[in-house]
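File shown: start_29.cif (mmCIF, N, CA and C atoms).
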data_data
loop_
_atom_site.label_atom_id
_atom_site.label_comp_id
_atom_site.auth_asym_id
_atom_site.auth_seq_id
_atom_site.Cartn_x
_atom_site.Cartn_y
_atom_site.Cartn_z
N MET A 1 8.36 3.28 -4.75
CA MET A 1 7.72 4.57 -4.70
C MET A 1 7.11 4.84 -3.33
N ALA A 2 6.59 3.77 -2.70
CA ALA A 2 5.97 3.95 -1.38
C ALA A 2 6.99 4.40 -0.35
N GLY A 3 8.19 3.82 -0.38
CA GLY A 3 9.24 4.23 0.56
C GLY A 3 9.66 5.67 0.33
N TRP A 4 9.76 6.07 -0.94
CA TRP A 4 10.12 7.44 -1.29
C TRP A 4 9.07 8.42 -0.77
N ARG A 5 7.80 8.10 -1.01
CA ARG A 5 6.73 8.99 -0.55
C ARG A 5 6.69 9.07 0.98
N THR A 6 6.86 7.94 1.64
CA THR A 6 6.83 7.93 3.11
C THR A 6 7.97 8.75 3.68
N ALA A 7 9.18 8.56 3.13
CA ALA A 7 10.33 9.33 3.62
C ALA A 7 10.16 10.82 3.37
N ALA A 8 9.60 11.18 2.23
CA ALA A 8 9.37 12.60 1.94
C ALA A 8 8.37 13.21 2.92
N ARG A 9 7.38 12.42 3.30
CA ARG A 9 6.31 12.91 4.18
C ARG A 9 6.71 12.88 5.65
N THR A 10 7.40 11.81 6.09
CA THR A 10 7.62 11.62 7.52
C THR A 10 9.08 11.53 7.94
N GLY A 11 10.01 11.48 6.97
CA GLY A 11 11.42 11.37 7.29
C GLY A 11 11.93 9.95 7.16
N LEU A 12 13.25 9.83 7.05
CA LEU A 12 13.87 8.54 6.82
C LEU A 12 13.67 7.58 7.99
N GLY A 13 13.82 8.06 9.21
CA GLY A 13 13.67 7.19 10.38
C GLY A 13 12.30 6.54 10.45
N ARG A 14 11.27 7.33 10.25
CA ARG A 14 9.91 6.80 10.29
C ARG A 14 9.66 5.84 9.12
N ALA A 15 10.20 6.16 7.96
CA ALA A 15 10.04 5.28 6.80
C ALA A 15 10.71 3.94 7.05
N CYS A 16 11.89 3.95 7.65
CA CYS A 16 12.58 2.70 7.96
C CYS A 16 11.80 1.89 8.99
N PHE A 17 11.25 2.57 9.98
CA PHE A 17 10.43 1.87 10.96
C PHE A 17 9.19 1.28 10.28
N SER A 18 8.61 2.01 9.36
CA SER A 18 7.46 1.48 8.61
C SER A 18 7.86 0.24 7.82
N GLY A 19 9.08 0.24 7.28
CA GLY A 19 9.57 -0.95 6.58
C GLY A 19 9.65 -2.14 7.51
N ARG A 20 10.07 -1.90 8.73
CA ARG A 20 10.12 -2.97 9.74
C ARG A 20 8.72 -3.50 10.04
N ILE A 21 7.77 -2.59 10.16
CA ILE A 21 6.37 -2.98 10.41
C ILE A 21 5.85 -3.83 9.24
N LEU A 22 6.13 -3.39 8.01
CA LEU A 22 5.72 -4.16 6.84
C LEU A 22 6.32 -5.56 6.86
N ASN A 23 7.57 -5.64 7.28
CA ASN A 23 8.25 -6.93 7.34
C ASN A 23 7.66 -7.83 8.43
N GLN A 24 7.41 -7.25 9.60
CA GLN A 24 6.97 -8.05 10.74
C GLN A 24 5.49 -8.44 10.68
N PHE A 25 4.65 -7.53 10.21
CA PHE A 25 3.21 -7.74 10.36
C PHE A 25 2.41 -7.81 9.06
N ALA A 26 2.95 -7.35 7.96
CA ALA A 26 2.17 -7.33 6.73
C ALA A 26 2.51 -8.49 5.79
N GLY A 27 3.51 -9.27 6.16
CA GLY A 27 3.86 -10.44 5.36
C GLY A 27 4.42 -10.12 3.99
N GLN A 28 5.03 -8.96 3.86
CA GLN A 28 5.63 -8.59 2.58
C GLN A 28 6.89 -9.41 2.33
N PRO A 29 7.14 -9.81 1.08
CA PRO A 29 8.37 -10.56 0.78
C PRO A 29 9.61 -9.69 0.99
N PRO A 30 10.74 -10.30 1.31
CA PRO A 30 11.97 -9.53 1.57
C PRO A 30 12.36 -8.58 0.44
N GLN A 31 12.16 -8.98 -0.81
CA GLN A 31 12.53 -8.11 -1.92
C GLN A 31 11.67 -6.84 -1.94
N ALA A 32 10.39 -6.96 -1.61
CA ALA A 32 9.51 -5.79 -1.56
C ALA A 32 9.96 -4.83 -0.46
N ILE A 33 10.35 -5.38 0.68
CA ILE A 33 10.84 -4.54 1.78
C ILE A 33 12.14 -3.85 1.37
N ALA A 34 13.03 -4.58 0.69
CA ALA A 34 14.30 -4.00 0.24
C ALA A 34 14.05 -2.83 -0.71
N TYR A 35 13.12 -2.99 -1.65
CA TYR A 35 12.81 -1.90 -2.58
C TYR A 35 12.15 -0.72 -1.86
N TYR A 36 11.31 -1.00 -0.89
CA TYR A 36 10.69 0.05 -0.08
C TYR A 36 11.78 0.87 0.62
N LEU A 37 12.73 0.18 1.24
CA LEU A 37 13.81 0.87 1.95
C LEU A 37 14.73 1.61 0.98
N LEU A 38 14.97 1.05 -0.20
CA LEU A 38 15.78 1.74 -1.20
C LEU A 38 15.11 3.06 -1.59
N GLY A 39 13.82 3.05 -1.82
CA GLY A 39 13.11 4.29 -2.13
C GLY A 39 13.20 5.30 -1.01
N ALA A 40 13.10 4.81 0.23
CA ALA A 40 13.18 5.71 1.39
C ALA A 40 14.57 6.35 1.49
N VAL A 41 15.59 5.55 1.30
CA VAL A 41 16.97 6.07 1.40
C VAL A 41 17.27 7.05 0.27
N LEU A 42 16.80 6.75 -0.93
CA LEU A 42 17.09 7.61 -2.08
C LEU A 42 16.27 8.90 -2.08
N GLN A 43 15.26 8.98 -1.25
CA GLN A 43 14.44 10.20 -1.21
C GLN A 43 15.29 11.42 -0.90
N SER A 44 16.21 11.31 0.03
CA SER A 44 17.05 12.46 0.37
C SER A 44 18.02 12.80 -0.77
N ASP A 45 18.46 11.80 -1.53
CA ASP A 45 19.31 12.07 -2.69
C ASP A 45 18.56 12.84 -3.76
N VAL A 46 17.33 12.44 -4.02
CA VAL A 46 16.52 13.14 -5.02
C VAL A 46 16.25 14.57 -4.57
N ALA A 47 15.93 14.75 -3.30
CA ALA A 47 15.70 16.09 -2.77
C ALA A 47 16.97 16.94 -2.86
N ALA A 48 18.13 16.33 -2.61
CA ALA A 48 19.40 17.07 -2.69
C ALA A 48 19.70 17.49 -4.12
N ILE A 49 19.43 16.62 -5.08
CA ILE A 49 19.64 16.96 -6.49
C ILE A 49 18.72 18.11 -6.89
N ARG A 50 17.46 18.00 -6.53
CA ARG A 50 16.47 19.03 -6.88
C ARG A 50 16.81 20.37 -6.24
N GLY A 51 17.26 20.35 -5.00
CA GLY A 51 17.48 21.58 -4.27
C GLY A 51 18.91 22.10 -4.31
N SER A 52 19.77 21.49 -5.08
CA SER A 52 21.19 21.87 -5.08
C SER A 52 21.40 23.24 -5.71
N ARG A 53 22.10 24.08 -5.00
CA ARG A 53 22.49 25.38 -5.55
C ARG A 53 23.71 25.23 -6.44
N ALA A 54 24.51 24.20 -6.20
CA ALA A 54 25.72 23.97 -7.00
C ALA A 54 25.37 23.53 -8.42
N LEU A 55 24.31 22.75 -8.57
CA LEU A 55 23.95 22.26 -9.89
C LEU A 55 23.26 23.33 -10.74
N CYS A 56 22.38 24.11 -10.14
CA CYS A 56 21.64 25.16 -10.85
C CYS A 56 21.04 24.63 -12.15
N VAL A 57 20.31 23.54 -12.05
CA VAL A 57 19.73 22.89 -13.22
C VAL A 57 18.33 23.45 -13.46
N PRO A 58 18.10 23.98 -14.66
CA PRO A 58 16.77 24.52 -14.97
C PRO A 58 15.75 23.40 -15.15
N PRO A 59 14.47 23.68 -14.98
CA PRO A 59 13.43 22.65 -15.11
C PRO A 59 13.37 21.99 -16.48
N GLU A 60 13.84 22.67 -17.52
CA GLU A 60 13.80 22.08 -18.86
C GLU A 60 14.98 21.13 -19.12
N ALA A 61 15.84 20.96 -18.14
CA ALA A 61 17.01 20.07 -18.30
C ALA A 61 16.58 18.61 -18.41
N GLU A 62 17.37 17.88 -19.19
CA GLU A 62 17.20 16.43 -19.28
C GLU A 62 18.33 15.78 -18.51
N VAL A 63 18.01 14.71 -17.80
CA VAL A 63 18.96 14.03 -16.93
C VAL A 63 19.24 12.65 -17.49
N VAL A 64 20.51 12.25 -17.44
CA VAL A 64 20.90 10.90 -17.82
C VAL A 64 21.43 10.20 -16.58
N VAL A 65 20.88 9.03 -16.28
CA VAL A 65 21.27 8.27 -15.11
C VAL A 65 22.05 7.04 -15.57
N ALA A 66 23.25 6.90 -15.04
CA ALA A 66 24.11 5.76 -15.38
C ALA A 66 24.44 5.01 -14.10
N GLY A 67 25.05 3.87 -14.24
CA GLY A 67 25.46 3.07 -13.09
C GLY A 67 24.91 1.67 -13.19
N LYS A 68 24.95 0.97 -12.08
CA LYS A 68 24.51 -0.42 -12.06
C LYS A 68 23.10 -0.53 -11.52
N ASP A 69 22.38 -1.50 -12.07
CA ASP A 69 21.04 -1.80 -11.55
C ASP A 69 21.18 -2.56 -10.24
N PRO A 70 20.25 -2.45 -9.32
CA PRO A 70 18.96 -1.77 -9.42
C PRO A 70 19.02 -0.30 -9.06
N LEU A 71 20.17 0.18 -8.60
CA LEU A 71 20.28 1.58 -8.17
C LEU A 71 19.98 2.54 -9.32
N ARG A 72 20.50 2.25 -10.50
CA ARG A 72 20.31 3.13 -11.66
C ARG A 72 18.82 3.27 -11.98
N ARG A 73 18.12 2.16 -12.04
CA ARG A 73 16.69 2.20 -12.36
C ARG A 73 15.88 2.88 -11.26
N ALA A 74 16.27 2.64 -10.02
CA ALA A 74 15.53 3.23 -8.90
C ALA A 74 15.67 4.75 -8.91
N ILE A 75 16.88 5.25 -9.10
CA ILE A 75 17.07 6.71 -9.12
C ILE A 75 16.33 7.32 -10.30
N ALA A 76 16.40 6.68 -11.46
CA ALA A 76 15.69 7.21 -12.63
C ALA A 76 14.19 7.25 -12.39
N GLN A 77 13.65 6.20 -11.81
CA GLN A 77 12.21 6.14 -11.55
C GLN A 77 11.80 7.24 -10.56
N LEU A 78 12.60 7.45 -9.53
CA LEU A 78 12.28 8.48 -8.54
C LEU A 78 12.40 9.88 -9.13
N LEU A 79 13.43 10.11 -9.96
CA LEU A 79 13.57 11.42 -10.60
C LEU A 79 12.40 11.69 -11.55
N GLN A 80 11.94 10.67 -12.24
CA GLN A 80 10.78 10.83 -13.12
C GLN A 80 9.54 11.18 -12.29
N ALA A 81 9.34 10.46 -11.21
CA ALA A 81 8.17 10.71 -10.36
C ALA A 81 8.23 12.09 -9.71
N ASP A 82 9.43 12.54 -9.38
CA ASP A 82 9.60 13.85 -8.75
C ASP A 82 9.17 14.97 -9.69
N GLY A 83 9.42 14.81 -10.97
CA GLY A 83 8.98 15.79 -11.96
C GLY A 83 9.77 17.07 -12.02
N ALA A 84 10.96 17.11 -11.42
CA ALA A 84 11.76 18.33 -11.41
C ALA A 84 12.50 18.56 -12.72
N PHE A 85 12.58 17.54 -13.58
CA PHE A 85 13.32 17.65 -14.83
C PHE A 85 12.40 17.33 -16.01
N ALA A 86 12.73 17.88 -17.16
CA ALA A 86 11.91 17.68 -18.35
C ALA A 86 11.88 16.22 -18.78
N ALA A 87 13.01 15.55 -18.67
CA ALA A 87 13.08 14.14 -19.06
C ALA A 87 14.19 13.46 -18.29
N VAL A 88 14.02 12.18 -18.05
CA VAL A 88 15.03 11.36 -17.38
C VAL A 88 15.31 10.17 -18.29
N HIS A 89 16.59 9.97 -18.61
CA HIS A 89 16.99 8.89 -19.51
C HIS A 89 17.91 7.92 -18.77
N LEU A 90 17.80 6.66 -19.11
CA LEU A 90 18.72 5.65 -18.59
C LEU A 90 19.84 5.44 -19.59
N TYR A 91 21.07 5.44 -19.13
CA TYR A 91 22.21 5.12 -19.99
C TYR A 91 22.53 3.64 -19.79
N THR A 92 22.44 2.89 -20.87
CA THR A 92 22.77 1.47 -20.83
C THR A 92 23.90 1.25 -21.82
N PRO A 93 25.09 0.94 -21.33
CA PRO A 93 26.21 0.74 -22.25
C PRO A 93 26.05 -0.54 -23.07
N GLU A 94 26.66 -0.55 -24.23
CA GLU A 94 26.67 -1.75 -25.06
C GLU A 94 27.50 -2.82 -24.34
N PRO A 95 27.16 -4.09 -24.54
CA PRO A 95 27.96 -5.15 -23.93
C PRO A 95 29.43 -5.03 -24.34
N GLY A 96 30.32 -5.10 -23.35
CA GLY A 96 31.74 -5.00 -23.60
C GLY A 96 32.28 -3.58 -23.68
N ALA A 97 31.40 -2.58 -23.60
CA ALA A 97 31.83 -1.18 -23.66
C ALA A 97 32.54 -0.78 -22.38
N LEU A 98 33.36 0.23 -22.50
CA LEU A 98 34.03 0.77 -21.31
C LEU A 98 33.00 1.37 -20.37
N PRO A 99 33.26 1.33 -19.06
CA PRO A 99 32.39 2.05 -18.13
C PRO A 99 32.39 3.55 -18.47
N MET A 100 31.30 4.22 -18.15
CA MET A 100 31.16 5.63 -18.49
C MET A 100 32.30 6.48 -17.90
N ALA A 101 32.74 6.17 -16.69
CA ALA A 101 33.82 6.94 -16.07
C ALA A 101 35.11 6.79 -16.87
N ALA A 102 35.41 5.59 -17.33
CA ALA A 102 36.61 5.37 -18.13
C ALA A 102 36.51 6.09 -19.46
N GLU A 103 35.33 6.07 -20.05
CA GLU A 103 35.10 6.78 -21.31
C GLU A 103 35.34 8.28 -21.13
N GLY A 104 34.88 8.82 -20.02
CA GLY A 104 35.09 10.24 -19.73
C GLY A 104 36.56 10.58 -19.57
N VAL A 105 37.30 9.73 -18.88
CA VAL A 105 38.74 9.97 -18.71
C VAL A 105 39.44 9.97 -20.06
N LEU A 106 39.09 9.03 -20.92
CA LEU A 106 39.71 8.98 -22.25
C LEU A 106 39.41 10.23 -23.05
N ARG A 107 38.19 10.72 -22.96
CA ARG A 107 37.84 11.96 -23.69
C ARG A 107 38.61 13.17 -23.16
N ILE A 108 38.80 13.22 -21.85
CA ILE A 108 39.59 14.31 -21.26
C ILE A 108 41.03 14.23 -21.74
N LEU A 109 41.58 13.02 -21.77
CA LEU A 109 42.95 12.83 -22.25
C LEU A 109 43.09 13.25 -23.70
N GLU A 110 42.09 12.97 -24.52
CA GLU A 110 42.13 13.37 -25.92
C GLU A 110 42.17 14.88 -26.06
N GLN A 111 41.53 15.60 -25.15
CA GLN A 111 41.49 17.06 -25.20
C GLN A 111 42.79 17.69 -24.71
N ALA A 112 43.52 16.94 -23.89
CA ALA A 112 44.75 17.50 -23.27
C ALA A 112 45.90 17.57 -24.25
#
Could you quickly redo this structure as structure tokens?
Amino acid sequence: MAGWRTAARTGLGRACFSGRILNQFAGQPPQAIAYYLLGAVLQSDVAAIRGSRALCVPPEAEVVVAGKDPLRRAIAQLLQADGAFAAVHLYTPEPGALPMAAEGVLRILEQA
């Protein structure tokens, strides 16, 4: 969250430099720095989703986030914190289930 807030306030370049400072002088563990940088990088993605004219998503929309962790959880957490959507849900497939993209292709084929 700190990386996301810093990037939103000062830009990605400054947030990345701040990550370097945290690494060099604050004694933060490498995993904490990685998560900080992930939040900083994803800030522009969250802003793009919120501001997209192509999506035209109303504020009462619910969002489902799929994919692999830790990216899936990070995006969901940032979208929740952003507050642009009514609800944010994580999609977790059952063990052995088809990936969501494959499931979508099969459903399209069924309709054809």
Please extract the residues of segment 12-59 of chain A with a backbone DSSP assignment of helix (DSSP H, G or I) and present them as number ranges by chain. A: 12-25, 30-51
Exercise: Met1 of chain A partners within 7 Å, all atoms listed in the file, chain neighbours under 3 positions left out, as a list of chain:residue names: A:Trp4, A:Arg5, A:Thr6, A:Tyr35, A:Tyr36, A:Gly39, A:Ala40
List every residue of segment 74-108 of chain A that DSSP, applied to the backbone of this structure, assigns to strand (DSSP E), and report them as a PyMOL selection string. chain A and resi 87-90
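Neighbours of segment 72-84 of chain A closer than or equal to 7 Å, with only N, CA and C atoms counted and sequence neighbours fewer than 6 positions away skipped, come out as A:Val46, A:Arg50, A:Pro58, A:Pro59, A:Glu60, A:Ala61, A:Val65, A:Ala66, A:Leu90.
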Please provide the set of residues having any atom within 9 Å of Ser18 of chain A, restricted to only C-alpha atoms, with same-chain residues fewer than 5 positions apart removed, written as a count of residues only. 4
I need the residue set behind the PyMOL selection byres ((chain A and resi 91-104) around 6.5) for this file; please write it as a PyMOL selection string. chain A and resi 64-67+89-90+105-109
Expressed in Å to a single decimal, how great is the separation between atom CA of Leu38 of chain A and atom CA of Gly51 of chain A? 20.1 Å
If you measure from atom CA of Ala32 of chain A to atom N of Ala47 of chain A, what distance in Å do you get, rounded to one decimal?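 The value is 21.6 Å.
Atom CA of Asp69 of chain A to atom C of Gln24 of chain A spans 27.9 Å [interatomic distance, one decimal].
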Residue nearest Val63 of chain A - candidates A:Ser44, A:Ala7, A:Ile49, A:Ala86, atoms counted: all atoms listed in the file: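 Smallest separation from Val63 of chain A among the options: A:Ala86.
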